[in-house]
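K.L.:
Sharing a structure, written as structure tokens. Questions coming.
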Amino acid sequence: MEEVDVTKDFSKWRRRLWPFHQTELKKLLPLILIKFFITVIFCILANLKEAMVVTSEGSGAEVIPVLKGLVVLPAAFIMTLVYSKLSYKLSKKTLFYTVIGGFLAVIFLYTFILYPNIDFFTPTASSDWLSDTLGAKYSHWIAVYRNWIHSLLFITAELWGSVVILLMFWGFANDVTNVSEAKRSYNIYIAAGNLATLSIGSIVWLIIKKMDMFSYSFRVQTLLSLVLIFGAFIMYLYWWVNKNVVDISPHKITQAPKKKKEKLSLLEGFKLIGKSRYLLGIAILVVGYGLCINMVEISWKASLKQAFPEGADYQVFTGMTTSYVGFFGFIISMFLGTNIIRRLGWRFSALITPVAVGVTGMLFFAALVFKDNIHPFTSYLGITPLLLTVSLGAFQNIVSKVAKYSFFDPTKEMAYIPLSENEKVRGKAAIDVVGSRLGKSGSSWIQIFLLYIAGSGSILSISHLLVPIIVIMTISWIYSVSQIGKEFEKKATAPQEPINV
């Protein structure tokens, strides 16, 4: 009988689950922690921004497309311009501290100055006058103005996801990683983000529900104080990595002192995307995800407000949904994601997200559009049509975001690695900040237009009109993945310099 080498088998399975050498941990572990804290902050802000905006006076889920289309998109353009200017004048280290510090300053302002004095800063009289003059049809527009303090938090949360996660973290990771390393490490970073997401439901439940002896405003300030503390940790970890890993490496990521840094231009970034079919393909991926997920999410959140009209209940439900995203995302990223990307390839992995988003989105809209016809089915289950719709919306949200974090994000970031430095910097800034916003804001403008045509103030009244748009966008997304997959494989197999940071 053949003798089984247990030690060899264990080592083989260990390499599959944790395919890293001891020498790589000095770079890997700090990046994992940075990704963890950045995602914790994003989840706290995302949880608060929607509870504050949707459940505020005179507001609802209909205010989200107005904010994303009218306010966040221009803010993203401005942020990209500022980033381009600063990247020319500042070193990468100083740019990182400046961007993170700017976000934390806004959060500090909201937490300790604006929110505690919200009655003083809210333009109640002028908002009431606008409501009386314009009527209920424009109530969601007026709500943005009335609740401008919460709108500021909404904008900050949206831009944190685009700028800090996509540009700051992944830009840094791309600088110190080649394609071979990325296939092993990027899903670990995703898993760290999923672990952070998993913890949010418990954090929100503990502070919002279990600390109910304190005022709601105090509990909100407690959550945001955690954001400020975690932000300080991020800057410390970034400083430590640069001091103890990057600065002592023979392969530094900083540019040589004698080489003049090329000035960045947002317009040139868009021209670069227009000239490159490869970058254009990545842009379609980003726009496709933003458009599809935003259209489903806003309809889901409109249903969610009907089921949970109180801010605390709404916040706890969304927090628990976020925890499920983190749990399943962590499991898939740790045990499946890396192996799927390594064994089945970039194209197969990149196709998982559009298929998941499209199929689950259609299930949700089917329940929403035909809610009057599913009473026999829901009665058999012992629930209401509203609860079934909310549950399917939560399921769609979980599946779509798990697919995004486990497959969409790592494959998209890997697609940048074989590009030239010029394409990485300019193309990535234009795609990740403005492109992601174009997807979300574009869907918001579509919904605003349909609301205007329908003459309705409720997003639920136009849900049936969103279905063909999502179908067309999902098909375009899948086609784009197929087209750029071949080129990526060619670029990825070209000889690359190892980055031993």
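Naming scheme: A, B, ... for chains in displayed order of the structure tokens; residues 1 onward per chain; ligands 1 onward as shown.
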Counting only C-alpha atoms, what is within 9 Å of Gln306 of chain A, bar same-chain residues fewer than 4 positions away, as a list in words?

P.N.:
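Result of the neighbour search: Lys301, Ala302 and Leu386 of chain A.
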
K.L.:
Got time to write the residues from that selection, N, CA, C and O atoms, as an mmCIF file, in the first residue's frame?

P.N.:
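Listed below is the output, again.cif:
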```cif
data_model
loop_
_atom_site.group_PDB
_atom_site.id
_atom_site.type_symbol
_atom_site.label_atom_id
_atom_site.label_comp_id
_atom_site.auth_asym_id
_atom_site.auth_seq_id
_atom_site.Cartn_x
_atom_site.Cartn_y
_atom_site.Cartn_z
ATOM 1 N N LYS A 301 -34.577 50.323 -1.626
ATOM 2 C CA LYS A 301 -34.594 51.188 -0.445
ATOM 3 C C LYS A 301 -35.916 51.933 -0.299
ATOM 4 O O LYS A 301 -36.334 52.262 0.819
ATOM 5 N N ALA A 302 -36.595 52.184 -1.422
ATOM 6 C CA ALA A 302 -37.940 52.765 -1.338
ATOM 7 C C ALA A 302 -38.892 51.770 -0.677
ATOM 8 O O ALA A 302 -39.721 52.142 0.160
ATOM 9 N N LEU A 386 -44.827 42.907 0.566
ATOM 10 C CA LEU A 386 -43.791 43.899 0.859
ATOM 11 C C LEU A 386 -42.572 43.230 1.486
ATOM 12 O O LEU A 386 -41.426 43.525 1.113
#
```

K.L.:
Give me the residues near Tyr416 of chain A as a list in words, where near means some atom within 8 Å (using only C-alpha atoms) and where sequence neighbours in that chain fewer than 3 positions away do not count.

P.N.:
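My reading of the contact set: Asn174, Lys412, Glu413, Leu419, Lys424 and Lys428 of chain A.
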
K.L.:
Selected residues, C-alpha atoms, written as an mmCIF file, in the first residue's frame, please.

P.N.:
```
data_model
loop_
_atom_site.group_PDB
_atom_site.id
_atom_site.type_symbol
_atom_site.label_atom_id
_atom_site.label_comp_id
_atom_site.auth_asym_id
_atom_site.auth_seq_id
_atom_site.Cartn_x
_atom_site.Cartn_y
_atom_site.Cartn_z
ATOM 1 C CA ASN A 174 -0.998 48.285 -7.935
ATOM 2 C CA LYS A 412 -10.753 45.092 -12.576
ATOM 3 C CA GLU A 413 -7.668 46.053 -10.580
ATOM 4 C CA LEU A 419 -0.583 48.951 -18.517
ATOM 5 C CA LYS A 424 -2.420 53.514 -14.996
ATOM 6 C CA LYS A 428 -7.457 54.799 -13.589
#
```

K.L.:
Enter the distance from atom CA of Ala125 of chain A to atom CA of Ser139 of chain A, in Å, rounded to one decimal.

P.N.:
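Straight-line distance from atom CA of Ala125 of chain A to atom CA of Ser139 of chain A works out to 14.6 Å.
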
K.L.:
Rounded to one decimal in Å, what is the spacing between atom CA of Ala403 of chain A and atom CA of Leu344 of chain A?

P.N.:
15.6 Å

K.L.:
List the neighbours of segment 96-104 of chain A out to 8 Å using only C-alpha atoms; skip same-chain residues closer than 3 positions along the sequence, and give me the result as a tab-separated table (two decimals) with C-alpha atoms, in the first residue's frame.

P.N.:
```tsv
chain	number	residue	atom	x	y	z
A	92	LYS	CA	2.44	60.07	-3.53
A	93	LYS	CA	2.92	59.97	0.25
A	107	ILE	CA	-16.41	64.05	9.00
A	108	PHE	CA	-15.17	65.87	12.10
A	156	THR	CA	-18.54	62.27	1.68
A	160	TRP	CA	-14.78	57.87	0.09
A	164	VAL	CA	-9.99	56.36	-0.97
A	168	MET	CA	-5.70	55.59	-2.78
A	228	LEU	CA	-12.03	59.28	12.93
A	231	GLY	CA	-8.79	57.04	9.84
A	235	MET	CA	-2.49	57.04	8.06
```

K.L.:
Hey, could you make a per-residue contact list for segment 79-176 of chain A against segment 185-193 of chain A with 12 Å as the cut-off, showing the nearest pair of atoms and its distance in Å to one decimal, counting only C-alpha atoms, sorted by chain and number, as a Markdown table?

P.N.:
```
| residue | atom | partner | partner_atom | distance |
| --- | --- | --- | --- | --- |
| A:Ile165 | CA | A:Gly193 | CA | 10.1 |
| A:Phe169 | CA | A:Tyr189 | CA | 10.1 |
| A:Trp170 | CA | A:Tyr186 | CA | 9.4 |
| A:Ala173 | CA | A:Tyr186 | CA | 8.6 |
| A:Asn174 | CA | A:Tyr186 | CA | 9.7 |
| A:Val176 | CA | A:Ser185 | CA | 11.4 |
```

K.L.:
Check the smallest atom-to-atom distance from each of A:Tyr278, A:Phe377, A:Phe395, A:Trp205 to Val316 of chain A using only C-alpha atoms, then report the winner.

P.N.:
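Comparing A:Tyr278, A:Phe377, A:Phe395, A:Trp205 against Val316 of chain A, the winner is A:Trp205.
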
K.L.:
Considering only C-alpha atoms, can you say which of A:Pro385, A:Pro74, A:Pro116, A:Gly427 comes closest to Leu280 of chain A?

P.N.:
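Residue with the minimum atom-to-atom distance to Leu280 of chain A: A:Gly427.
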
K.L.:
Which polymer residues have any atom within 8 Å of an atom of Asn194 of chain A, counting only C-alpha atoms, with same-chain residues fewer than 3 positions away left out, as a ChimeraX atom specification?

P.N.:
/A:190-191,197-198,325-330,405

K.L.:
Those selected residues, please, written with N, CA, C and O atoms and delivered as a short mmCIF file (atom, residue, chain, number, x, y, z; two decimals), in the first residue's frame.

P.N.:
```
data_model
loop_
_atom_site.label_atom_id
_atom_site.label_comp_id
_atom_site.auth_asym_id
_atom_site.auth_seq_id
_atom_site.Cartn_x
_atom_site.Cartn_y
_atom_site.Cartn_z
N ILE A 190 -9.45 41.72 -0.67
CA ILE A 190 -10.91 41.72 -0.76
C ILE A 190 -11.51 41.04 0.47
O ILE A 190 -12.50 41.50 1.05
N ALA A 191 -10.89 39.92 0.90
CA ALA A 191 -11.38 39.21 2.09
C ALA A 191 -11.28 40.09 3.32
O ALA A 191 -12.16 40.05 4.19
N THR A 197 -16.70 44.38 6.47
CA THR A 197 -18.13 44.48 6.20
C THR A 197 -18.94 43.59 7.13
O THR A 197 -20.01 43.97 7.61
N LEU A 198 -18.41 42.40 7.40
CA LEU A 198 -19.07 41.46 8.31
C LEU A 198 -19.24 42.05 9.70
O LEU A 198 -20.24 41.81 10.38
N VAL A 325 -23.24 40.44 3.65
CA VAL A 325 -22.31 40.66 2.53
C VAL A 325 -20.89 40.34 2.96
O VAL A 325 -20.14 39.66 2.26
N GLY A 326 -20.53 40.82 4.15
CA GLY A 326 -19.19 40.57 4.65
C GLY A 326 -18.93 39.10 4.92
O GLY A 326 -17.85 38.58 4.58
N PHE A 327 -19.92 38.40 5.49
CA PHE A 327 -19.73 36.99 5.83
C PHE A 327 -19.52 36.14 4.58
O PHE A 327 -18.52 35.42 4.46
N PHE A 328 -20.46 36.24 3.65
CA PHE A 328 -20.34 35.41 2.44
C PHE A 328 -19.18 35.88 1.57
O PHE A 328 -18.52 35.05 0.93
N GLY A 329 -18.95 37.19 1.55
CA GLY A 329 -17.82 37.69 0.78
C GLY A 329 -16.50 37.20 1.32
O GLY A 329 -15.58 36.85 0.57
N PHE A 330 -16.37 37.16 2.64
CA PHE A 330 -15.14 36.68 3.27
C PHE A 330 -14.91 35.20 2.95
O PHE A 330 -13.81 34.80 2.59
N TYR A 405 -17.12 42.35 -4.69
CA TYR A 405 -15.92 42.35 -3.86
C TYR A 405 -15.02 41.15 -4.14
O TYR A 405 -13.79 41.27 -4.08
#
```

K.L.:
Excluding Phe488 of chain A and residues on its chain fewer than 6 positions from it, collect all residues at most 12 Å away from it, counting only C-alpha atoms, and give them as a ChimeraX atom specification.

P.N.:
/A:179,277-279,281-282,345-347,350,411-419,481-482,494
